[in-house]
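Here the structure is laid out as structure tokens; the discussion comes afterwards.
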Amino acid sequence: MSAAPLPLDILRTVFGFPSFRGQQAEIIEHVVGGGDALVLMPTGGGKSLCYQIPALCRPGMGVVVSPLIALMRDQVEALRQLGVRAAALNSALGTGEAGQILRAVRAGEIDLLYVAPERLLLDGTLSLLGESPVALFAIDEAHCVSQWGHDFRPEYLQLAILHERFPAIPRVALTATADAPTRAEIVRQLKLDDGRIFVTSFDRPNIRYHVAAKSKPREQLLRFIKDGHAGEAGIVYCLSRAKVEETAAWLAGHGIGALPYHAGLTASVRAAHQDRFLKDDGVVMVATIAFGMGIDKPDVRFVVHFDMPKSIESYYQETGRAGRDGLPSEALLLYGIEDAAKLRSMIEGGEGDEARKRLEHRKLDALTGFCASARCRRQVLLEYFGETLGEPCGNCDACLYPAETIDGTVAAQKALSSVIRTGQRFGAAHLTDILVGANTERIRQFGHDRLPTYGVGKEFSRDRWRDVFRQLVAHGLLTVDLDGHGGLRLGPKEVVRPVLRGERTVPLREDPLGKAKGASAKADRKRPASASLDRPEDERLFQSLRALRLRLAKEQNVPPYVILHDTALIALAKTRPASLGEMGAIPGLGAAKLERYGKVFLVALSEGEE
Ligand code: ADP
Ligand code: ZN
């Protein structure tokens, strides 16, 4: 028997990468040595190699439990392109196909087998695995065991059986969900007590975070896409199906390749839209949060929250879908008081007991605090997950466009007084009308033009007042009614009174709307994806390589990133290798890909030189 291949050799020859990242080498060594592991790594951190390489090093086949068929299909296709013998067993297969795969397994012709959990748990599958040598079990998206999480899969609870039936085979569980309770639950449910836990920083340095108050949200969105992300793939999250439809149609009407996705569409429309998102370049998916889990597309260049997310956890998970390939990407969150009100009434109207609702309100509080904060976004986010980032990041709106704070005590008193005098039931829009002395029908109807606060706030614009109200909510001086109409009431007495008496000052951020405009103005934006391509001729070459890749992908009906990642195309455009030998140094071009695509890309490169 020949010696077992070394992990680093496999990384270089099969995957075409020169070196391991972060803890990959350590994790792989541990698993190759037969140890169990729990791997916590952010999206895009490089989890897959942590089980794929040990599976190729150890005798037998690697078995990967994965919750989503689309995800499996993508991974299997990507592995086949690398020359790895991979297959997937799931409910989407016909009996003929499934039988073929089972025969290949028995013949020892499969290196990596992806299995849906319900399929794995069938007696037939388990006894097949008992007869064939298994290198390891990988349990992907391991947070699916958590009953509190949004991705709960009951079948995952039964996966402890792997430990009982195959005690000698190493198991590695992987997830990008960070929090401690979920981690403990994975260990308990999967019986991983003897495994090592590998925790990587959850920072995603290539994602630029932007949080902006809603002023004209559609215009903000359009400018964000057109100025910074033209022709790039992205996701725009909305809270409701209706809003998804409207927004997608509106973007399409403005020349953006946008498609809707939500649970109200038929399965076939959803599948078609998802397929276009994966297989075409530069599709913008406008979606409810029904979309995203299991989308492994590495070149999503931006994620927009067009409505507020429910918690920092979901915000982080959703924004994490941007920039898996490590290239510069952006996350934009647009927030408004009305959104918070809507979410609060959804919590109130939702299922769950009082304790659960209180928890959800607290999570939403943390998120609104994040929105209104003037601190480095990344520092706030990482602190929330129990990590500290020593220095401000330099790659978020707070760092790039720092806001001055002013003493806003008098403005706060005027705003609070307008709330008190109108009976604590009106929303920010009407209260703003009172402060600026507007002559609206509603003002006349309620006689609000006779209030002492009528017209006392002319020093600020309407937009500025709207923002002051948002900041007062963030400071806890005002709270939003739970009925969903956005009515504002006073916060707790002990917080509000000192301000009304002038005993406590209220810092307000200077005009963050101006800042938000600045943030998306063309002048201070770089096109993130190809930010590393400074020379226009490299950018042109990158675009023509991208077109070639799309054509190759269409021929095989696979997503373009399965052929080559953007990182590889950028490296090709920059270094312009002139031979297959030189091309071998490009990250992501392993032996199999070099053989398949090397020549075509060489030709394209030489044409691009003209
Ligand atoms: P995750 O599953 O953690 O979200 P992936 O395993 O999909 O992340 O990896 C994310 C990206 O990083 C992929 O494009 C992958 O090819 C790349 N990658 C992973 N490990 C390395 C490495 N050692 N060197 C270069 N690129 C890597
Ligand atoms: Zn920052």
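Residues in the structure tokens are named by chain (A, B, ... in the order shown) and by number from 1 within that chain; ligands are numbered from 1 in the order shown.
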
### Shell of 9 Å around range 290-292 of chain A, only C-alpha atoms, local chain residues under 6 positions omitted, as a PyMOL selection string
chain A and resi 235+237+261-263+274+318+321

Keeping N, CA, C and O atoms, export the residues of the selection given above as a PDB file, in the first residue's frame.
```pdb
ATOM      1  N   ILE A 235     -27.889  40.628  -2.652  1.00  0.00           N
ATOM      2  CA  ILE A 235     -29.179  40.244  -2.070  1.00  0.00           C
ATOM      3  C   ILE A 235     -29.767  41.464  -1.376  1.00  0.00           C
ATOM      4  O   ILE A 235     -29.056  42.174  -0.666  1.00  0.00           O
ATOM      5  N   TYR A 237     -32.742  42.241   1.256  1.00  0.00           N
ATOM      6  CA  TYR A 237     -33.744  41.646   2.130  1.00  0.00           C
ATOM      7  C   TYR A 237     -34.853  42.632   2.478  1.00  0.00           C
ATOM      8  O   TYR A 237     -34.583  43.774   2.847  1.00  0.00           O
ATOM      9  N   TYR A 261     -37.944  36.785  -4.569  1.00  0.00           N
ATOM     10  CA  TYR A 261     -37.918  35.440  -3.976  1.00  0.00           C
ATOM     11  C   TYR A 261     -38.595  35.494  -2.619  1.00  0.00           C
ATOM     12  O   TYR A 261     -38.172  36.232  -1.737  1.00  0.00           O
ATOM     13  N   HIS A 262     -39.676  34.746  -2.468  1.00  0.00           N
ATOM     14  CA  HIS A 262     -40.311  34.635  -1.144  1.00  0.00           C
ATOM     15  C   HIS A 262     -41.176  33.385  -1.120  1.00  0.00           C
ATOM     16  O   HIS A 262     -41.431  32.773  -2.166  1.00  0.00           O
ATOM     17  N   ALA A 263     -41.626  33.014   0.074  1.00  0.00           N
ATOM     18  CA  ALA A 263     -42.317  31.740   0.245  1.00  0.00           C
ATOM     19  C   ALA A 263     -43.667  31.712  -0.462  1.00  0.00           C
ATOM     20  O   ALA A 263     -44.254  30.639  -0.634  1.00  0.00           O
ATOM     21  N   GLN A 274     -33.682  31.210  -8.165  1.00  0.00           N
ATOM     22  CA  GLN A 274     -32.446  30.849  -7.470  1.00  0.00           C
ATOM     23  C   GLN A 274     -31.378  30.382  -8.468  1.00  0.00           C
ATOM     24  O   GLN A 274     -30.212  30.733  -8.364  1.00  0.00           O
ATOM     25  N   GLU A 318     -27.030  37.079   7.848  1.00  0.00           N
ATOM     26  CA  GLU A 318     -27.456  37.474   6.505  1.00  0.00           C
ATOM     27  C   GLU A 318     -26.370  38.276   5.785  1.00  0.00           C
ATOM     28  O   GLU A 318     -26.077  38.028   4.612  1.00  0.00           O
ATOM     29  N   ARG A 321     -23.413  36.447   4.074  1.00  0.00           N
ATOM     30  CA  ARG A 321     -23.507  35.820   2.749  1.00  0.00           C
ATOM     31  C   ARG A 321     -22.756  36.620   1.700  1.00  0.00           C
ATOM     32  O   ARG A 321     -22.553  36.143   0.585  1.00  0.00           O
TER      33      ARG A 321
END
```

### Query
Which residues, written as a PyMOL selection string, have at least one atom at most 12 Å from range 570-580 of chain A, with only C-alpha atoms counted and residues fewer than 2 positions away on the same chain left out?
chain A and resi 325+327+529-546+564-568+582-591+593-609

### Message
Set the distance at 12 Å and use only C-alpha atoms: which residues neighbour Glu383 in chain A once local chain neighbours fewer than 3 positions away are removed? I'd like the list as a list in words.
### Response
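Listing them by chain and then by number gives Ala178, Asp179, Ser201, Phe202, Asp203, Ile312, Ala366, Phe370, Arg375, Cys376, Arg377, Arg378, Gln379, Val380, Gly386, Glu387, Thr388, Leu389 and Gly390 of chain A.
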
### Message
How would you report the residues lying within 10 Å of ligand 2, as a ChimeraX atom specification, if you count only C-alpha atoms and all ligand atoms?
### Response
/A:205,208-210,374-381,389,391-402

### Distance in Å - CA of Arg356 in chain A versus CA of Leu343 in chain A
14.4 Å

Listing only residues of chain A within 6 Å of ligand 1, what is the closest atom pair and its distance in Å (to one decimal) for each, using only C-alpha atoms and all ligand atoms, sorted by chain and residue number ascending, as a Markdown table?
```
| residue | atom | partner | partner_atom_place_in_ligand_line | distance |
| --- | --- | --- | --- | --- |
| A:Phe17 | CA | ligand 1 | 24 (N) | 5.0 |
| A:Ser19 | CA | ligand 1 | 23 (N) | 5.3 |
| A:Phe20 | CA | ligand 1 | 23 (N) | 3.7 |
| A:Arg21 | CA | ligand 1 | 23 (N) | 4.4 |
| A:Pro42 | CA | ligand 1 | 3 (O) | 6.0 |
| A:Thr43 | CA | ligand 1 | 4 (O) | 3.6 |
| A:Gly44 | CA | ligand 1 | 4 (O) | 3.4 |
| A:Gly45 | CA | ligand 1 | 3 (O) | 4.0 |
| A:Gly46 | CA | ligand 1 | 6 (O) | 3.4 |
| A:Lys47 | CA | ligand 1 | 3 (O) | 3.7 |
| A:Ser48 | CA | ligand 1 | 6 (O) | 3.8 |
| A:Leu49 | CA | ligand 1 | 6 (O) | 5.8 |
| A:Arg324 | CA | ligand 1 | 10 (C) | 5.3 |
| A:Asp325 | CA | ligand 1 | 14 (O) | 4.5 |
```

Kindly save the residues from that selection, with N, CA and C atoms included, as a compact mmCIF listing (two decimals), in the first residue's frame.
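Once written, out_3.txt looks like this:
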```txt
# COMPACT_ATOMS: atom_id res chain seq x y z
N PHE A 17 -4.31 25.58 -3.93
CA PHE A 17 -3.97 26.67 -3.01
C PHE A 17 -2.59 26.43 -2.42
N SER A 19 -1.23 27.52 0.56
CA SER A 19 -1.05 27.27 1.99
C SER A 19 -2.39 27.24 2.72
N PHE A 20 -2.37 26.67 3.92
CA PHE A 20 -3.59 26.65 4.72
C PHE A 20 -3.86 28.01 5.32
N ARG A 21 -5.11 28.23 5.69
CA ARG A 21 -5.52 29.48 6.28
C ARG A 21 -5.86 29.24 7.73
N PRO A 42 -16.43 31.63 10.71
CA PRO A 42 -17.43 32.43 10.00
C PRO A 42 -17.63 31.94 8.57
N THR A 43 -18.72 32.34 7.97
CA THR A 43 -18.98 32.05 6.58
C THR A 43 -17.78 32.52 5.75
N GLY A 44 -17.37 31.69 4.84
CA GLY A 44 -16.25 32.07 3.99
C GLY A 44 -14.90 31.80 4.64
N GLY A 45 -14.93 31.26 5.85
CA GLY A 45 -13.68 31.03 6.57
C GLY A 45 -12.88 29.87 6.01
N GLY A 46 -13.56 28.96 5.32
CA GLY A 46 -12.85 27.82 4.75
C GLY A 46 -13.12 26.53 5.50
N LYS A 47 -14.38 26.32 5.89
CA LYS A 47 -14.73 25.12 6.64
C LYS A 47 -14.62 23.86 5.80
N SER A 48 -15.03 23.94 4.53
CA SER A 48 -15.13 22.71 3.73
C SER A 48 -13.82 21.93 3.69
N LEU A 49 -12.71 22.63 3.52
CA LEU A 49 -11.44 21.91 3.43
C LEU A 49 -11.15 21.12 4.71
N ARG A 324 -17.95 35.66 0.43
CA ARG A 324 -17.34 34.43 0.90
C ARG A 324 -15.96 34.20 0.30
N ASP A 325 -15.74 34.74 -0.89
CA ASP A 325 -14.46 34.51 -1.54
C ASP A 325 -13.37 35.43 -1.01
```

### Query
Looking at only C-alpha atoms, which of A:Ile256, A:Val304, A:Ile347, A:Leu431 is the one that sits closest to Pro217 in chain A?
A:Val304

### Which residue of A:Leu222, A:Ile28, A:Ile186, A:Ala474 approaches Tyr335 in chain A most closely, using only C-alpha atoms
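Looking at the shortest contact to Tyr335 in chain A, the residue is A:Ala474.
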
### Message
Taking only C-alpha atoms into account, name the residue in A:Ile289, A:Ala138, A:Val456, A:Val283 that is nearest to Ser240 in chain A.
### Response
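For Ser240 in chain A, the nearest of the candidates is A:Ile289.
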
### Query
Among range 305-510 of chain A, which residues carry a DSSP assignment of alpha helix (DSSP H), reported as a ChimeraX atom specification?
/A:312-319,337-349,354-372,377-384,397-400,409-421,428-436,441-446,462-474,493-500

Compile the contact shell of Cys144 in chain A as an mmCIF file with N, CA, C and O atoms, in the first residue's frame: residues with an atom at most 10 Å away, counting only C-alpha atoms, same-chain residues fewer than 6 positions apart removed.
```
data_model
loop_
_atom_site.group_PDB
_atom_site.id
_atom_site.type_symbol
_atom_site.label_atom_id
_atom_site.label_comp_id
_atom_site.auth_asym_id
_atom_site.auth_seq_id
_atom_site.Cartn_x
_atom_site.Cartn_y
_atom_site.Cartn_z
ATOM 1 N N SER A 66 -25.530 17.029 5.152
ATOM 2 C CA SER A 66 -25.790 18.409 4.770
ATOM 3 C C SER A 66 -27.301 18.598 4.648
ATOM 4 O O SER A 66 -27.991 17.733 4.122
ATOM 5 N N PRO A 67 -27.857 19.688 5.163
ATOM 6 C CA PRO A 67 -29.308 19.795 5.250
ATOM 7 C C PRO A 67 -29.991 20.194 3.943
ATOM 8 O O PRO A 67 -31.187 20.041 3.808
ATOM 9 N N HIS A 150 -33.188 29.366 14.072
ATOM 10 C CA HIS A 150 -34.179 29.442 12.994
ATOM 11 C C HIS A 150 -33.993 28.355 11.956
ATOM 12 O O HIS A 150 -34.790 28.221 11.061
ATOM 13 N N ASP A 151 -32.916 27.585 12.062
ATOM 14 C CA ASP A 151 -32.699 26.542 11.060
ATOM 15 C C ASP A 151 -32.892 25.140 11.636
ATOM 16 O O ASP A 151 -32.321 24.178 11.139
ATOM 17 N N PHE A 152 -33.672 25.020 12.675
ATOM 18 C CA PHE A 152 -33.832 23.731 13.346
ATOM 19 C C PHE A 152 -34.303 22.633 12.395
ATOM 20 O O PHE A 152 -35.229 22.809 11.613
ATOM 21 N N ARG A 153 -33.605 21.482 12.460
ATOM 22 C CA ARG A 153 -33.975 20.293 11.673
ATOM 23 C C ARG A 153 -34.119 19.118 12.623
ATOM 24 O O ARG A 153 -33.101 18.632 13.131
ATOM 25 N N PRO A 154 -35.338 18.655 12.850
ATOM 26 C CA PRO A 154 -35.516 17.572 13.820
ATOM 27 C C PRO A 154 -34.615 16.362 13.558
ATOM 28 O O PRO A 154 -34.124 15.747 14.505
ATOM 29 N N GLU A 155 -34.374 16.029 12.283
ATOM 30 C CA GLU A 155 -33.551 14.830 11.994
ATOM 31 C C GLU A 155 -32.140 14.974 12.557
ATOM 32 O O GLU A 155 -31.464 13.979 12.822
ATOM 33 N N TYR A 156 -31.679 16.215 12.686
ATOM 34 C CA TYR A 156 -30.329 16.411 13.208
ATOM 35 C C TYR A 156 -30.182 15.870 14.628
ATOM 36 O O TYR A 156 -29.102 15.482 15.035
ATOM 37 N N LEU A 157 -31.313 15.860 15.364
ATOM 38 C CA LEU A 157 -31.251 15.381 16.746
ATOM 39 C C LEU A 157 -30.884 13.903 16.801
ATOM 40 O O LEU A 157 -30.382 13.415 17.803
ATOM 41 N N THR A 175 -20.040 24.788 11.923
ATOM 42 C CA THR A 175 -21.093 25.791 11.831
ATOM 43 C C THR A 175 -20.506 27.193 11.814
ATOM 44 O O THR A 175 -19.386 27.412 12.271
ATOM 45 N N THR A 177 -22.489 29.582 13.151
ATOM 46 C CA THR A 177 -23.282 30.259 14.178
ATOM 47 C C THR A 177 -22.457 30.342 15.454
ATOM 48 O O THR A 177 -21.947 29.343 15.940
ATOM 49 N N THR A 182 -25.724 27.806 21.556
ATOM 50 C CA THR A 182 -25.817 26.908 20.404
ATOM 51 C C THR A 182 -24.639 25.940 20.390
ATOM 52 O O THR A 182 -24.796 24.742 20.138
ATOM 53 N N ILE A 186 -24.833 21.850 20.466
ATOM 54 C CA ILE A 186 -24.259 20.963 19.442
ATOM 55 C C ILE A 186 -23.449 19.857 20.114
ATOM 56 O O ILE A 186 -23.610 18.674 19.794
#
```

### Query
Could you state the separation of CA of Phe460 in chain A and CA of Thr432 in chain A in Å, given to one decimal place?
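Separation between CA of Phe460 in chain A and CA of Thr432 in chain A: 9.8 Å.
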
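Interatomic distance, CA of Leu121 in chain A to CA of Gln158 in chain A: 7.8 Å.
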
### Message
When DSSP is applied to the backbone of this structure, which of range 263-349 of chain A are assigned strand (DSSP E)? Write them out as JSON, numbers by chain.
### Response
{"A": [284, 285, 286, 287, 300, 301, 302, 303, 304, 305, 329, 330, 331, 332, 333, 334, 335]}
